[in-house]
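Data block below; observations after.
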Amino acid sequence: MAKIIKLSPHVADLIAAGEVVERPGSVVKELIENGMDAGASSVTVEIKNGGLTYIRVTDNGSGMAAEDAGNAFLRHATSKLREARDLEAIGTLGFRGEALAAISAVSRINLLTREKGEQAGISLALEGGTLTENAPAGCPEGTTIIVRDLFFNTPARLKFMKTDKAEGAFVTATLLKCALSHPEVSMRYIKDGKVEFHTPGDGNSESCIYTLLGRDFAKGLIQVSSEDENVSVTGFVTTPAEGRGNRSGQYFFVNGRCIKSKLLQAAVEQAYKNSMLQGRFPSCVLYLEVKPSTVDVNIHPAKTEVKFLKERDVFSGVHYAVLSALEKSTEIPEIVLPGDRLIVRQGTQEKAPPKQEPLAPAAHTGAAFVEQRQPLPLKDGTAVKYRTDRDYAVDYPKQAAPKVIPKAIYEAVPAMESPEKPAPAFRVIGEALGTYIIVEREDSLILIDKHAAHERIIFDALVSQDYEIMPQILLSPMVFDLGAEYAELLLENAELLTELGFEIDRFGVSAVAVRQVPGNIETTGMDTFLSEICEKLSTGNKAASTDIRDEVLHTVACKAAIKAGKMSHPKEIELLAEQVLSGKIKYCPHGRPVSMELGRKAIDKNFKRIL
């Protein structure tokens, strides 16, 4: 007896349904995509009981003729492909001709459709894939499909469905992605008799984001816009300060199709490197347009994944589009004081340049702040001057300025180049709590976290390797017993630590001897400091050596930066303010904002000066 037999069409349909129709949300997605492919500008979706007992999708698309309506439920019947070469450049959301056949095989369906320009429409009814009714009907132009009793004839599948609440939540998430993918389509969603959302359909992705994701998500967005020969990237990303604990706020759309992509996730997150707290993730809504021939959308049954022909080019296009948007964003988070509550609001638009001439905080062409014990090379003819105590500012005369700024890696505020456009006028009022610099600029007060700002400056200098190390040799070595594992980690990474100004030798089995440290890192608490470096080193591997190096540099920059709680010299805080207000310094290496703005209107309102 033959062991290999041909399955019946009914069983084959049930197997196909298992691939395409995983749950009610899968049905909703396929039906919406059909409506969008039909040119609909408006789609209404209604579900009951999580979609298991009732799904209705109505669109105002082109509709179907009577002869096409019946064929639409046949397997591999489609209006979107004609020949094999069409698969090389798919321009529609659906194309396989499997969705309606798979859905009808495991449910009871009613279809009402009328082709545009026709006087009458047609009504179809199917049960378990079998046609039970086919008759003319009066109905609006477009298509309405009602799906009842999903998986009624496959109880094995039905028992794996989750609760109505859980399935409804998945439908909501699916609809949200579909609505975001096409802001030009107005989408109305009704769940158990209640309207959940209704998008405007005005083609404005920002208004669509506001409607679907809420005000809190939309208020801190930075616009992204970039295009090259391989990929066009538009949309929005959140500021580094708005990081989430997971990737649930990341939405990617390729040629109008919502997809999951680790490649795109990595491209976006790489742009936030050293600007976001570890363990936090950026949110984004990004729209990619690529040539249909350079993307394969036929690698996943549910069409939720794609394969790019030129992955490297797509990665670079997205990465630099996001990175450029983040660098262009110069708005300082605003502190708003409604009554006695404190709210921090992140602006998204760049302010117009002020009309008045900027006030230069200091007339200098180069400046350096040096810590105790750190020599400062300053060429003056043939002589070299050194400072043995803390000098807060050294100004180079214009005629004597060196061609290359001294490469002192731990200078508190390295000399900055002239900004491309004039910075707004500002006045440093002073310092509060030994931590915050208070600055007046236009009609606002700006608070600057001096430690966070200085830490960023030092970190950027370390990463760029544009500054020479200025180490100090200790008169007597400092010996620390860190344990055998940590001691070995330090010795294995001796090359990196030497680059940073350390000299560390083995001292017994579990101890190390520190003979040299970077110039402006205090030796107090050195054992704790080395333990922190070891923790960073222990979490990495050679494949991610760049990331581990940056993590170590985070620790070094934090240790070397100006300490909170200690008052600083006026010149020092003035130059820190200049760097921050120029827009070059926005976030510390861990992603915390270095400054916040308190507007005059908010202050006046709370003092009852504005009624």
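For the structure tokens, the naming scheme is as follows: chains receive sequential letters (A, B, ...) according to their order of presentation, residues are indexed from 1 within each chain, and ligands are indexed from 1 in presentation order.
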Neighbours of stretch 586-598 of chain A within 8 Å (only C-alpha atoms; same-chain residues fewer than 3 positions away dropped), as a PyMOL selection string?
-> chain A and resi 240-241+274-278+330+332-336+444-450+452-453+455-456+459+554+580+583+602-603
Tell me which protein, DNA and RNA residues are within 8 Å of stretch 305-310 of chain A, counting only C-alpha atoms, leaving out same-chain ones fewer than 4 positions away, and put them as a short mmCIF file (atom, residue, chain, number, x, y, z; two decimals) with C-alpha atoms, in the first residue's frame.
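Okay, out-v1.cif is ready:
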data_model
loop_
_atom_site.label_atom_id
_atom_site.label_comp_id
_atom_site.auth_asym_id
_atom_site.auth_seq_id
_atom_site.Cartn_x
_atom_site.Cartn_y
_atom_site.Cartn_z
CA ILE A 259 8.10 44.70 9.45
CA LYS A 260 10.29 43.30 12.21
CA SER A 261 13.99 43.76 11.56
CA THR A 294 16.07 45.29 -3.76
CA VAL A 295 13.84 43.81 -1.05
CA ASP A 296 12.36 40.31 -0.74
CA VAL A 297 9.03 40.35 1.08
CA ASN A 298 8.34 36.67 0.43
CA ILE A 299 10.48 35.12 3.17
CA HIS A 300 7.82 34.84 5.89
CA VAL A 314 20.29 50.01 4.26
#
Give me the residues within 9 Å of A:Gly70 as a ChimeraX atom specification, counting only C-alpha atoms and dropping any in the same chain fewer than 5 places off.
-> /A:124,131,134
Within 10 Å of A:Ile562, counting only C-alpha atoms, which residues show up once you throw out same-chain ones fewer than 3 positions away? Write them as a ChimeraX atom specification, please.
-> /A:371,412,435,450-455,557-559,565-568
Go through A:Gly279, A:Tyr251, A:His182, A:Glu572 and flag the residue nearest A:Glu431, using only C-alpha atoms for the distances.
->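 Once distances to A:Glu431 are computed over only C-alpha atoms, the minimum belongs to A:Glu572.
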Write out as a VMD selection string which residues come within 10 Å of A:Ala218 when counting only C-alpha atoms, dropping same-chain ones fewer than 6 positions away.
-> chain A and resid 206 to 212 236 to 238 348
Write out as JSON, numbers by chain the residues lying within 7 Å of A:Pro518, counting only C-alpha atoms and excluding same-chain residues fewer than 4 positions away.
-> {"A": [470, 471, 472, 500, 501, 502]}
Can I get the selection written as a JSON list (two decimals), in the first residue's frame, with C-alpha atoms?
[["chain", "number", "residue", "atom", "x", "y", "z"],
["A", 470, "MET", "CA", 49.07, 63.15, 30.77],
["A", 471, "PRO", "CA", 49.73, 60.48, 33.38],
["A", 472, "GLN", "CA", 51.25, 60.87, 36.80],
["A", 500, "LEU", "CA", 44.22, 55.65, 29.29],
["A", 501, "GLY", "CA", 47.27, 56.49, 31.39],
["A", 502, "PHE", "CA", 47.43, 53.54, 33.79]]
Separation of atom CA of A:Asp202 from atom CA of A:Phe170, in Å and rounded to one decimal =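 Taking atom CA of A:Asp202 and atom CA of A:Phe170, their separation equals 25.6 Å.
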Write out as a ChimeraX atom specification which residues come within 7 Å of A:Thr199 when counting only C-alpha atoms, dropping same-chain ones fewer than 2 positions away.
-> /A:186-188,197,201,208,211
Quick one: write out the picked residues with C-alpha atoms as a PDB file, in the first residue's frame?
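As written to disk, part03.pdb reads:
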ATOM      1  CA  SER A 186      -8.346  57.027   7.756  1.00  0.00           C
ATOM      2  CA  MET A 187      -8.762  54.037  10.035  1.00  0.00           C
ATOM      3  CA  ARG A 188     -11.613  53.594  12.506  1.00  0.00           C
ATOM      4  CA  PHE A 197      -9.314  55.207  17.787  1.00  0.00           C
ATOM      5  CA  GLY A 201      -6.161  60.040   7.202  1.00  0.00           C
ATOM      6  CA  CYS A 208      -1.254  59.831  13.037  1.00  0.00           C
ATOM      7  CA  THR A 211      -3.616  59.857  17.617  1.00  0.00           C
TER       8      THR A 211
END
So how far away is atom CA of A:Gln119 from atom CA of A:Ala65, in Å?
->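 The value is 11.0 Å.
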Picked from stretch 116-244 of chain A by DSSP as alpha helix (DSSP H), as a VMD selection string | chain A and resid 155 to 158 164 to 181 205 to 213 215 to 219
Counting only C-alpha atoms, figure out which residue out of A:Ala156, A:Met64, A:Cys258, A:Ala169 gets nearest to A:Ser123.
-> A:Met64
